[in-house]
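Containing compact mmCIF, C-alpha atoms and all ligand atoms: query.txt.
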# COMPACT_ATOMS: atom_id res chain seq x y z
CA MET S 1 12.35 -20.61 -3.23
CA ASN S 2 15.90 -21.35 -4.35
CA THR S 3 18.64 -19.21 -2.80
CA TYR S 4 20.02 -16.50 -5.02
CA VAL S 5 23.54 -16.15 -6.41
CA SER S 6 25.01 -12.85 -7.55
CA PRO S 7 24.14 -12.08 -11.20
CA THR S 8 26.42 -13.19 -14.06
CA PRO S 9 29.50 -10.95 -14.42
CA ASP S 10 28.30 -8.88 -17.38
CA ILE S 11 25.14 -7.98 -15.51
CA THR S 12 26.67 -6.78 -12.26
CA SER S 13 27.39 -3.31 -13.66
CA LEU S 14 23.85 -2.98 -15.06
CA ARG S 15 21.88 -0.01 -13.72
CA THR S 16 18.48 1.47 -14.44
CA ASP S 17 18.09 4.93 -15.96
CA SER S 18 17.58 7.45 -13.15
CA ASP S 19 16.34 10.31 -15.37
CA ARG S 20 13.89 8.09 -17.24
CA LEU S 21 12.38 6.80 -13.99
CA TRP S 22 12.19 10.31 -12.51
CA GLU S 23 10.48 11.63 -15.64
CA ALA S 24 7.90 8.82 -15.47
CA LEU S 25 7.20 9.64 -11.82
CA MET S 26 6.78 13.35 -12.56
CA GLU S 27 4.56 12.62 -15.58
CA MET S 28 2.29 10.34 -13.54
CA ALA S 29 2.20 12.95 -10.76
CA LYS S 30 0.52 15.43 -13.15
CA LEU S 31 -2.64 13.27 -13.00
CA GLY S 32 -4.46 14.57 -9.94
CA ALA S 33 -1.77 17.12 -9.08
CA THR S 34 -2.72 19.35 -6.13
CA PRO S 35 -1.56 22.95 -5.49
CA LYS S 36 0.68 21.83 -2.61
CA GLY S 37 2.62 19.44 -4.85
CA GLY S 38 0.83 16.23 -3.99
CA VAL S 39 -1.79 14.18 -5.79
CA ASN S 40 -5.46 13.37 -5.33
CA ARG S 41 -5.93 10.33 -7.61
CA GLN S 42 -8.30 8.18 -5.61
CA ALA S 43 -9.14 4.60 -6.52
CA LEU S 44 -11.40 4.05 -9.53
CA THR S 45 -11.90 7.76 -10.24
CA ASP S 46 -11.53 9.12 -13.75
CA LEU S 47 -8.16 10.56 -12.75
CA GLU S 48 -6.96 7.12 -11.70
CA ARG S 49 -8.29 5.77 -14.98
CA LYS S 50 -5.96 8.21 -16.73
CA GLY S 51 -3.09 6.94 -14.61
CA ARG S 52 -3.96 3.35 -15.50
CA ASP S 53 -4.21 4.24 -19.20
CA LEU S 54 -0.82 5.98 -19.11
CA PHE S 55 0.83 3.01 -17.36
CA ILE S 56 -0.63 0.58 -19.93
CA GLN S 57 0.45 2.85 -22.81
CA TRP S 58 4.03 2.88 -21.47
CA CYS S 59 4.05 -0.90 -20.94
CA ARG S 60 2.67 -1.63 -24.42
CA ALA S 61 5.38 0.63 -25.88
CA GLU S 62 7.87 -1.78 -24.25
CA GLY S 63 6.24 -4.78 -25.90
CA CYS S 64 4.45 -6.01 -22.79
CA THR S 65 1.22 -7.95 -22.96
CA ILE S 66 -1.49 -6.63 -20.66
CA ARG S 67 -3.93 -8.61 -18.53
CA ILE S 68 -6.65 -7.12 -16.34
CA ASP S 69 -8.52 -9.23 -13.79
CA ASN S 70 -12.04 -8.97 -12.38
CA ILE S 71 -11.21 -6.24 -9.86
CA GLY S 72 -9.11 -4.21 -12.25
CA ASN S 73 -5.62 -5.31 -11.21
CA ILE S 74 -3.33 -4.61 -14.19
CA PHE S 75 -0.55 -7.13 -15.07
CA ALA S 76 2.06 -6.06 -17.67
CA ARG S 77 4.20 -9.00 -18.80
CA ARG S 78 7.59 -9.23 -20.53
CA GLU S 79 8.15 -12.82 -21.68
CA GLY S 80 11.25 -14.78 -20.73
CA SER S 81 12.91 -17.65 -22.58
CA ASP S 82 10.88 -20.24 -20.68
CA PRO S 83 7.14 -19.76 -21.28
CA ASN S 84 6.35 -22.26 -18.54
CA ALA S 85 8.44 -20.56 -15.89
CA LYS S 86 6.69 -18.71 -13.08
CA ALA S 87 6.89 -14.93 -13.27
CA VAL S 88 9.14 -12.68 -11.24
CA MET S 89 6.85 -9.82 -10.34
CA ALA S 90 7.19 -6.23 -9.14
CA GLY S 91 4.40 -3.84 -8.35
CA SER S 92 2.47 -1.53 -6.08
CA HIS S 93 -0.45 0.86 -6.71
CA LEU S 94 -1.45 3.96 -8.71
CA ASP S 95 -4.30 5.15 -6.47
CA SER S 96 -3.60 7.80 -3.85
CA GLN S 97 -4.94 9.32 -0.68
CA PRO S 98 -7.08 12.48 -1.11
CA THR S 99 -4.07 14.50 0.04
CA GLY S 100 -1.44 12.02 -1.08
CA GLY S 101 2.10 12.29 -2.38
CA LYS S 102 3.80 11.64 -5.72
CA TYR S 103 5.76 8.55 -4.60
CA ASP S 104 3.40 6.39 -2.47
CA GLY S 105 2.59 3.49 -4.79
CA CYS S 106 3.84 5.00 -8.04
CA PHE S 107 7.47 4.50 -7.05
CA GLY S 108 6.89 0.73 -6.98
CA VAL S 109 4.86 0.46 -10.17
CA LEU S 110 7.13 2.74 -12.21
CA SER S 111 10.29 1.09 -10.85
CA GLY S 112 8.95 -2.17 -12.24
CA LEU S 113 8.39 -0.47 -15.59
CA GLU S 114 11.93 0.95 -15.46
CA VAL S 115 13.32 -2.57 -14.95
CA ILE S 116 11.54 -3.65 -18.14
CA ARG S 117 12.79 -0.57 -20.00
CA THR S 118 16.34 -1.34 -18.84
CA LEU S 119 16.16 -4.98 -19.95
CA ASN S 120 14.83 -3.90 -23.36
CA GLN S 121 17.48 -1.20 -23.71
CA HIS S 122 20.25 -3.74 -23.09
CA ASN S 123 18.60 -6.62 -24.99
CA ILE S 124 18.64 -8.85 -21.96
CA THR S 125 16.60 -12.04 -22.00
CA THR S 126 15.57 -13.51 -18.68
CA GLN S 127 14.58 -17.11 -18.17
CA SER S 128 11.43 -16.27 -16.18
CA PRO S 129 8.86 -13.77 -17.42
CA ILE S 130 9.05 -10.35 -15.75
CA GLU S 131 5.67 -8.94 -14.74
CA VAL S 132 4.70 -5.54 -13.31
CA VAL S 133 1.38 -5.15 -11.49
CA ALA S 134 -0.69 -2.12 -10.51
CA TRP S 135 -3.08 -3.28 -7.79
CA THR S 136 -6.56 -1.82 -7.44
CA ASN S 137 -7.47 0.35 -4.44
CA GLU S 138 -4.45 -0.12 -2.21
CA GLU S 139 -5.28 2.94 -0.12
CA GLY S 140 -8.76 1.90 0.99
CA CYS S 141 -9.69 5.53 1.72
CA ARG S 142 -12.56 5.82 -0.78
CA PHE S 143 -13.56 2.14 -0.52
CA PRO S 144 -12.37 0.34 2.66
CA PRO S 145 -10.42 -1.82 3.30
CA CYS S 146 -6.96 -1.05 2.03
CA MET S 147 -5.14 -3.48 -0.31
CA MET S 148 -8.50 -4.47 -1.80
CA GLY S 149 -7.25 -5.53 -5.25
CA SER S 150 -4.41 -7.68 -3.95
CA GLY S 151 -6.72 -8.99 -1.23
CA VAL S 152 -9.23 -10.27 -3.79
CA PHE S 153 -6.42 -11.63 -6.02
CA THR S 154 -4.97 -13.65 -3.14
CA GLY S 155 -8.29 -14.76 -1.65
CA GLU S 156 -7.83 -12.69 1.54
CA LEU S 157 -10.94 -10.66 0.64
CA ALA S 158 -14.19 -11.93 -0.90
CA PHE S 159 -14.83 -10.63 -4.42
CA ASP S 160 -18.59 -10.13 -4.08
CA ALA S 161 -18.29 -8.37 -0.73
CA MET S 162 -15.66 -6.01 -2.15
CA MET S 163 -17.73 -5.26 -5.25
CA ALA S 164 -20.52 -4.10 -2.94
CA ARG S 165 -18.35 -1.75 -0.86
CA ALA S 166 -19.57 1.82 -1.35
CA ASP S 167 -17.99 5.24 -0.98
CA ALA S 168 -19.46 8.19 0.94
CA ASP S 169 -21.69 8.98 -2.06
CA GLY S 170 -23.02 5.43 -2.27
CA VAL S 171 -21.05 4.55 -5.41
CA THR S 172 -20.01 0.89 -5.23
CA VAL S 173 -16.70 -0.60 -6.31
CA SER S 174 -18.63 -2.46 -9.00
CA ASP S 175 -20.17 0.77 -10.36
CA ALA S 176 -16.83 2.58 -10.25
CA LEU S 177 -14.97 -0.23 -12.03
CA ASP S 178 -17.53 -0.17 -14.85
CA ALA S 179 -17.48 3.64 -15.01
CA ILE S 180 -13.74 3.60 -15.78
CA HIS S 181 -14.00 0.44 -17.94
CA TYR S 182 -11.47 -1.53 -15.88
CA ARG S 183 -13.50 -4.59 -14.98
CA GLY S 184 -11.27 -7.17 -16.67
CA SER S 185 -11.92 -10.79 -17.48
CA ASP S 186 -8.38 -12.21 -17.54
CA ASN S 187 -7.64 -15.00 -15.12
CA VAL S 188 -4.33 -14.40 -13.41
CA SER S 189 -3.42 -16.85 -10.67
CA PRO S 190 -1.15 -16.49 -7.63
CA SER S 191 0.33 -19.83 -8.68
CA GLU S 192 2.01 -17.99 -11.58
CA ILE S 193 4.26 -16.03 -9.23
CA LYS S 194 7.82 -17.20 -8.47
CA ALA S 195 8.74 -14.11 -6.45
CA TYR S 196 7.23 -10.65 -5.84
CA PHE S 197 9.20 -7.52 -4.93
CA GLU S 198 7.56 -4.21 -3.96
CA PRO S 199 9.62 -1.00 -3.80
CA HIS S 200 8.00 1.69 -1.65
CA ILE S 201 8.92 4.81 0.30
CA GLU S 202 9.21 4.01 4.03
CA GLN S 203 6.50 6.54 4.99
CA GLY S 204 8.23 6.87 8.36
CA PRO S 205 11.42 8.55 9.71
CA ILE S 206 13.74 5.62 10.51
CA LEU S 207 15.83 5.41 7.30
CA GLU S 208 16.33 9.16 7.11
CA ASP S 209 17.12 9.42 10.84
CA THR S 210 19.83 6.77 10.50
CA ASP S 211 21.06 8.05 7.13
CA THR S 212 20.33 4.65 5.56
CA THR S 213 19.54 4.32 1.84
CA ILE S 214 17.68 1.00 1.71
CA GLY S 215 15.22 -0.64 4.11
CA VAL S 216 15.25 -4.43 3.76
CA VAL S 217 11.66 -5.02 4.80
CA ILE S 218 11.20 -8.21 6.83
CA GLY S 219 7.42 -7.88 7.14
CA GLY S 220 4.44 -5.63 7.94
CA LEU S 221 2.11 -4.91 10.86
CA GLY S 222 -1.26 -6.61 11.06
CA GLN S 223 -4.29 -4.28 11.06
CA LYS S 224 -7.76 -4.06 12.52
CA TRP S 225 -10.08 -1.29 11.23
CA PHE S 226 -13.54 -0.45 12.56
CA ASP S 227 -16.34 2.00 11.70
CA LEU S 228 -17.88 3.06 15.02
CA THR S 229 -21.27 4.80 15.27
CA LEU S 230 -22.19 6.30 18.67
CA THR S 231 -25.81 7.36 19.19
CA GLY S 232 -26.99 9.55 22.08
CA LEU S 233 -29.63 12.30 22.06
CA GLU S 234 -29.55 15.69 20.35
CA ALA S 235 -30.58 18.36 22.83
CA HIS S 236 -30.24 22.07 23.46
CA ALA S 237 -26.73 23.11 24.61
CA GLY S 238 -28.18 25.63 27.09
CA PRO S 239 -31.05 24.24 29.15
CA THR S 240 -29.77 20.63 29.27
CA PRO S 241 -27.90 20.04 32.58
CA MET S 242 -24.48 18.37 32.24
CA ASN S 243 -25.48 15.29 34.24
CA LEU S 244 -28.57 14.65 32.10
CA ARG S 245 -26.89 14.58 28.69
CA ARG S 246 -26.40 11.65 26.29
CA ASP S 247 -23.59 13.38 24.46
CA ALA S 248 -22.23 11.26 21.58
CA MET S 249 -19.25 13.60 21.22
CA MET S 250 -18.15 12.90 24.80
CA GLY S 251 -18.26 9.20 23.99
CA ALA S 252 -16.17 9.77 20.86
CA ALA S 253 -13.62 11.80 22.78
CA GLU S 254 -13.19 9.09 25.41
CA VAL S 255 -13.00 6.30 22.80
CA THR S 256 -10.26 8.27 21.03
CA GLN S 257 -8.33 8.59 24.29
CA ALA S 258 -8.83 4.89 25.03
CA LEU S 259 -7.53 3.79 21.61
CA ASN S 260 -4.47 6.00 22.05
CA ARG S 261 -3.77 4.62 25.55
CA ILE S 262 -4.20 1.00 24.39
CA ALA S 263 -1.72 1.57 21.54
CA PHE S 264 0.79 3.06 23.99
CA ASP S 265 0.22 0.07 26.28
CA HIS S 266 1.36 -2.22 23.42
CA GLN S 267 4.65 -0.63 22.39
CA PRO S 268 6.96 -0.71 20.54
CA HIS S 269 4.80 -1.92 17.64
CA GLY S 270 1.29 -0.92 18.75
CA ARG S 271 -0.47 1.79 16.66
CA GLY S 272 -3.90 3.40 17.20
CA THR S 273 -5.46 6.15 15.08
CA VAL S 274 -8.84 7.84 14.73
CA GLY S 275 -8.63 9.27 11.21
CA CYS S 276 -12.23 10.23 10.41
CA MET S 277 -14.98 11.68 12.57
CA THR S 278 -18.32 13.24 11.66
CA LEU S 279 -20.92 14.39 14.17
CA HIS S 280 -24.61 15.06 13.79
CA PRO S 281 -26.28 17.52 13.56
CA GLY S 282 -23.11 19.61 13.69
CA SER S 283 -24.69 22.75 15.07
CA ARG S 284 -22.71 24.78 17.56
CA ASN S 285 -25.52 24.96 20.15
CA VAL S 286 -26.84 21.40 19.85
CA ILE S 287 -25.48 18.47 21.86
CA PRO S 288 -24.30 15.95 19.22
CA GLY S 289 -26.77 13.08 18.96
CA GLN S 290 -24.55 10.91 16.76
CA VAL S 291 -20.88 10.51 15.93
CA LYS S 292 -19.40 8.29 13.19
CA MET S 293 -15.69 7.60 13.54
CA THR S 294 -13.01 5.24 12.23
CA LEU S 295 -10.62 3.17 14.38
CA ASP S 296 -7.29 1.93 12.93
CA MET S 297 -5.12 -0.32 15.12
CA ARG S 298 -1.98 -2.29 14.22
CA HIS S 299 0.65 -4.58 15.68
CA TRP S 300 3.58 -6.84 14.68
CA GLU S 301 2.39 -9.78 16.81
CA PRO S 302 -0.98 -11.42 16.10
CA GLU S 303 -1.72 -12.05 19.78
CA ALA S 304 -1.06 -8.42 20.71
CA LEU S 305 -3.29 -7.24 17.85
CA GLU S 306 -6.10 -9.44 19.16
CA THR S 307 -5.58 -8.13 22.70
CA MET S 308 -5.74 -4.55 21.43
CA GLY S 309 -8.98 -5.31 19.56
CA GLN S 310 -10.58 -6.83 22.66
CA ALA S 311 -9.43 -3.93 24.86
CA VAL S 312 -10.92 -1.36 22.46
CA ALA S 313 -14.23 -3.24 22.27
CA ALA S 314 -14.40 -3.37 26.11
CA ALA S 315 -13.60 0.34 26.35
CA VAL S 316 -16.37 1.22 23.86
CA GLU S 317 -18.87 -0.85 25.86
CA GLU S 318 -17.90 0.77 29.19
CA ILE S 319 -17.83 4.33 27.82
CA CYS S 320 -21.23 3.95 26.15
CA GLN S 321 -22.72 2.50 29.33
CA ARG S 322 -21.52 5.51 31.31
CA HIS S 323 -22.79 8.06 28.76
CA GLY S 324 -26.07 6.31 27.97
CA LEU S 325 -25.08 5.80 24.34
CA GLU S 326 -25.92 3.06 21.88
CA TYR S 327 -23.16 1.97 19.52
CA HIS S 328 -22.41 -0.11 16.44
CA LEU S 329 -18.84 -1.34 15.95
CA GLU S 330 -18.42 -2.54 12.34
CA PRO S 331 -15.14 -4.32 11.39
CA THR S 332 -13.90 -3.04 8.02
CA ALA S 333 -10.42 -4.61 7.88
CA ASN S 334 -8.84 -7.43 9.81
CA PHE S 335 -5.58 -9.00 8.70
CA ALA S 336 -2.65 -10.63 10.47
CA PRO S 337 0.93 -9.37 10.29
CA GLU S 338 2.99 -10.67 7.37
CA TYR S 339 6.56 -11.99 7.78
CA PHE S 340 8.20 -11.97 4.32
CA ASP S 341 9.88 -14.96 2.64
CA LYS S 342 13.50 -15.36 3.81
CA ALA S 343 14.94 -16.07 0.34
CA CYS S 344 13.25 -12.99 -1.10
CA VAL S 345 14.41 -10.83 1.79
CA ASP S 346 17.93 -12.23 1.34
CA ALA S 347 17.78 -11.39 -2.40
CA VAL S 348 16.97 -7.78 -1.52
CA ARG S 349 19.78 -7.66 1.04
CA GLN S 350 22.29 -9.30 -1.37
CA SER S 351 21.36 -6.87 -4.15
CA THR S 352 21.78 -3.95 -1.78
CA GLU S 353 25.21 -5.23 -0.73
CA HIS S 354 26.17 -5.86 -4.37
CA LEU S 355 25.31 -2.22 -5.07
CA GLU S 356 27.24 -1.13 -1.96
CA LEU S 357 24.29 0.78 -0.51
CA SER S 358 23.74 1.30 3.21
CA HIS S 359 20.85 -0.81 4.44
CA MET S 360 19.01 -2.01 7.53
CA ASP S 361 16.25 -4.50 8.26
CA ILE S 362 12.96 -2.77 8.93
CA ILE S 363 9.31 -3.59 9.67
CA SER S 364 6.60 -1.86 7.64
CA GLY S 365 4.08 0.05 9.75
CA ALA S 366 2.03 0.69 6.63
CA GLY S 367 0.05 -2.00 4.90
CA HIS S 368 1.17 -2.88 1.38
CA ASP S 369 -0.02 -5.22 -1.35
CA ALA S 370 3.12 -7.30 -0.77
CA MET S 371 1.62 -8.35 2.56
CA PHE S 372 -1.25 -10.12 0.83
CA VAL S 373 0.91 -11.43 -2.01
CA GLY S 374 3.20 -12.85 0.67
CA ARG S 375 0.35 -15.09 1.81
CA VAL S 376 0.40 -16.96 -1.55
CA ALA S 377 3.91 -16.48 -2.98
CA PRO S 378 7.42 -15.53 -1.84
CA ALA S 379 7.45 -11.74 -1.42
CA ALA S 380 9.60 -8.96 -0.01
CA MET S 381 9.83 -5.16 -0.10
CA ILE S 382 12.47 -2.51 -0.70
CA PHE S 383 12.15 0.76 1.22
CA ILE S 384 13.77 4.09 0.45
CA PRO S 385 13.66 7.16 2.70
CA CYS S 386 11.12 9.96 2.33
CA LYS S 387 11.77 13.49 3.60
CA ASP S 388 11.10 13.84 7.34
CA GLY S 389 9.36 10.45 7.15
CA ILE S 390 6.22 12.21 5.94
CA SER S 391 3.68 10.46 3.70
CA HIS S 392 -0.11 10.51 3.18
CA ASN S 393 0.58 14.23 2.89
CA GLU S 394 0.97 16.43 -0.20
CA ILE S 395 4.46 17.46 0.91
CA GLU S 396 5.68 13.84 0.62
CA SER S 397 9.12 13.96 -0.97
CA ALA S 398 11.97 11.63 -2.03
CA THR S 399 15.29 12.26 -3.77
CA PRO S 400 16.21 11.11 -7.31
CA GLU S 401 19.24 9.37 -5.77
CA HIS S 402 17.17 7.27 -3.38
CA VAL S 403 14.57 6.53 -6.07
CA HIS S 404 17.37 5.36 -8.39
CA ALA S 405 19.02 3.29 -5.64
CA GLY S 406 15.76 1.54 -4.80
CA CYS S 407 15.07 0.77 -8.45
CA ASN S 408 18.57 -0.69 -8.91
CA VAL S 409 18.04 -2.94 -5.89
CA LEU S 410 14.78 -4.07 -7.51
CA LEU S 411 16.55 -4.71 -10.83
CA HIS S 412 19.19 -6.99 -9.31
CA ALA S 413 16.81 -8.74 -6.93
CA MET S 414 14.54 -9.54 -9.88
CA LEU S 415 17.43 -10.65 -12.11
CA ASN S 416 18.67 -12.93 -9.34
CA ALA S 417 15.25 -14.53 -9.18
CA ALA S 418 14.52 -14.56 -12.92
CA GLY S 419 17.86 -15.87 -14.17
CA ILE S 420 19.67 -14.38 -17.19
CA VAL S 421 19.66 -16.28 -20.46
CA SER S 422 21.52 -13.82 -22.65
CA SER S 423 22.57 -10.23 -22.94
CA VAL S 424 23.61 -8.63 -26.20
CA GLY S 425 26.19 -5.80 -26.21
CA GLY S 426 27.61 -3.85 -23.31
CA THR S 427 25.54 -3.56 -20.20
CA GLY S 428 27.67 -1.03 -18.38
CA GLU S 429 26.34 2.43 -17.56
O1 LIG O 1 -3.13 2.18 5.56
C1 LIG O 1 -2.10 1.69 5.11
O2 LIG O 1 -1.30 1.14 5.83
C2 LIG O 1 -1.78 1.77 3.64
O3 LIG O 1 -1.07 2.95 3.40
N1 LIG O 1 -2.95 1.74 2.82
MN MN O 2 1.33 2.74 -0.65
MN MN O 3 -0.59 4.97 1.08
The structure in this file should be written as structure tokens.
Ligand code: HGY
Ligand code: MN
Ligand code: MN
Amino acid sequence: MNTYVSPTPDITSLRTDSDRLWEALMEMAKLGATPKGGVNRQALTDLERKGRDLFIQWCRAEGCTIRIDNIGNIFARREGSDPNAKAVMAGSHLDSQPTGGKYDGCFGVLSGLEVIRTLNQHNITTQSPIEVVAWTNEEGCRFPPCMMGSGVFTGELAFDAMMARADADGVTVSDALDAIHYRGSDNVSPSEIKAYFEPHIEQGPILEDTDTTIGVVIGGLGQKWFDLTLTGLEAHAGPTPMNLRRDAMMGAAEVTQALNRIAFDHQPHGRGTVGCMTLHPGSRNVIPGQVKMTLDMRHWEPEALETMGQAVAAAVEEICQRHGLEYHLEPTANFAPEYFDKACVDAVRQSTEHLELSHMDIISGAGHDAMFVGRVAPAAMIFIPCKDGISHNEIESATPEHVHAGCNVLLHAMLNAAGIVSSVGGTGE
């Protein structure tokens, strides 16, 4: 990656259109809108298809060409002056959590669209093509693991294995892709990418707590996910003495405590969460015979993440021994931390300074598609605050000012990387 210089003089005053970006966000948020003000637009559902269709409609209206690959990743491309130049890319995802917010994912995708709209509005030609991508199934809630589309694109995840992943109703990724007609055949290669920038809300409290506008993201935590099934023996809650039980729920409770303790033992970056739990048969006066639960652990250092994984596996073994339970511990995600490309991170920081916005370096606790793209191309992220640091919650909220600031940082970081060939007419606000 070459180092970046500040944009040519007539570009420095260029800004994106705050109202236009906000309107796009609010329009997209209508698809899957929930009563509490969030969205439920899960990956590869018909609602997400509508979001994909709307994004493509908007990009085509800007003259972009559209490519869709074999797992439904959507690439909208604005040509530059040099057809052989690698693309400067922005993106994120359009799928949401079941009780998700308006900004998680969409802020990144629609900021990329707003950059293209701004370049068209001001008749600016870049040397490199500008490309905006909407990755398939970033959330991984319906079909684990998360970042599935970018994982297949970058070779982190095996295509066939991902196609076979099924949701709780047994619908596979392959079925769902066909059902929404988004199984593409275009070959897009990571080698086409010169630089990738992903704007995203922080999804945590640090920027807001420090009254900082921009997070210059230096990387993201590695993750290990497991599906754990504990099997004991269903029995009557009354006549069965406490010391003779094989209570799967007791095992689940102790595993949950153990994961929490292990995460606390690996601070400041250790994270441990049990997000899903179902027990069988689920009758109030029957000792649970089986519990299915999910384990999500994360860390900034690969060695610490491995140590956490080993400690959790040992705890499961010991707890099941003591409670007379059988268990099956199925890995569903396993990826190392990502440390973003220095030149890309510097471009984000320089753009933030050029725009005179407060900023700080920050590590992403959440996984993002940029983490997989960063394995194959220079990548970095731009964080903005979200209210009370809350995300993966329908009350997720961001301000138009922060959304606009983040999009302007994206604009100038991308222009630094893409190079300006010409601009016709005034480019001031
Ligand atoms: O789980 C994650 O970190 C991401 O939000 N999918
Ligand atoms: Mn996201
Ligand atoms: Mn998310």
>> Could you list, as a list in words, all residues that come within 6 Å of ligand MN 2 (chain O)? Count only C-alpha atoms and all ligand atoms.
In response: Asp104, Gly105 and His368 of chain S
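Compared by their closest atoms to Cys320 of chain S, and using only C-alpha atoms, the residues S:Ser351, S:Cys344, S:Gln290, S:Gly232 rank with S:Gly232 nearest.
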>> Around ligand MN 3 (chain O), out to 9 Å and counting all atoms listed in the file, which residues are there? I want them as a list of chain:residue names.
In response: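 Residues lying within 9 Å of ligand MN 3 (chain O): S:His93, S:Asp95, S:Ser96, S:Gln97, S:Gly100, S:Gly101, S:Asp104, S:Gly105, S:Glu138, S:Glu139, S:Gly140, S:Cys146, S:Gln203, S:Ala366, S:Gly367, S:His368, S:Ser391, S:His392.
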> In terms of the shortest atom-to-atom distance over only C-alpha atoms, which of S:Glu198, S:Asp247, S:Asp53, S:Asp178 is closest to Gln321 of chain S?
Replying inline: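 Comparing S:Glu198, S:Asp247, S:Asp53, S:Asp178 against Gln321 of chain S, the winner is S:Asp247.
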> If you measure from atom O1 of ligand LIG 1 (chain O) to atom CA of Arg271 of chain S, what distance in Å do you get, rounded to one decimal?
Replying inline: 11.4 Å
>> Given the point (-3.3, 16.0, -9.9) in the coordinates of this file, which residues lie within 12 Å, counting only C-alpha atoms, and how would they look as number ranges by chain?
In response: S: 26-42, 45-48, 50-51, 95-102, 394
> Could you work out how far atom CA of Arg246 of chain S lies from atom CA of His280 of chain S, giving the answer in Å with one decimal?
Replying inline: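 Value for the atom CA of His280 of chain S-atom CA of Arg246 of chain S distance: 13.1 Å.
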Return the padded bounding box of ligand LIG 1 (chain O) as JSON: axis-aligned, built from all atoms listed in the file, 3 Å added on each side, with centre and edge lengths in Å to one decimal.
{"center_x": -2.1, "center_y": 2.0, "center_z": 4.3, "size_x": 8.1, "size_y": 7.8, "size_z": 9.0}
>> Could you check the closest approach to Ile382 of chain S for each of S:Glu396, S:Asp169, S:Asp361, S:Asp211 and tell me which residue wins, using only C-alpha atoms?
In response: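 Looking at the shortest contact to Ile382 of chain S, the residue is S:Asp361.
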> With all atoms listed in the file as the basis for distance, which of S:His269, S:Ser397, S:Arg322, S:Asp341 is at the shortest distance from Gly365 of chain S?
Replying inline: S:His269
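Considering the residues S:Val403, S:Cys386, S:Ala304, S:Val132 and counting all atoms listed in the file, Tyr196 of chain S has its shortest atom-to-atom contact with S:Val132.
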> Hey, which of S:Met148, S:Leu54, S:Ala164, S:Leu119 ends up closest to Leu415 of chain S? Count only C-alpha atoms.
Replying inline: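 The closest residue to Leu415 of chain S is S:Leu119.
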>> Neighbouring residues of Thr273 of chain S were defined as those with any atom within 9 Å, considering all atoms listed in the file; residues of the same chain fewer than 6 positions away were excluded. Please report them as a PyMOL selection string.
In response: chain S and resi 256+259-260+263+294-297
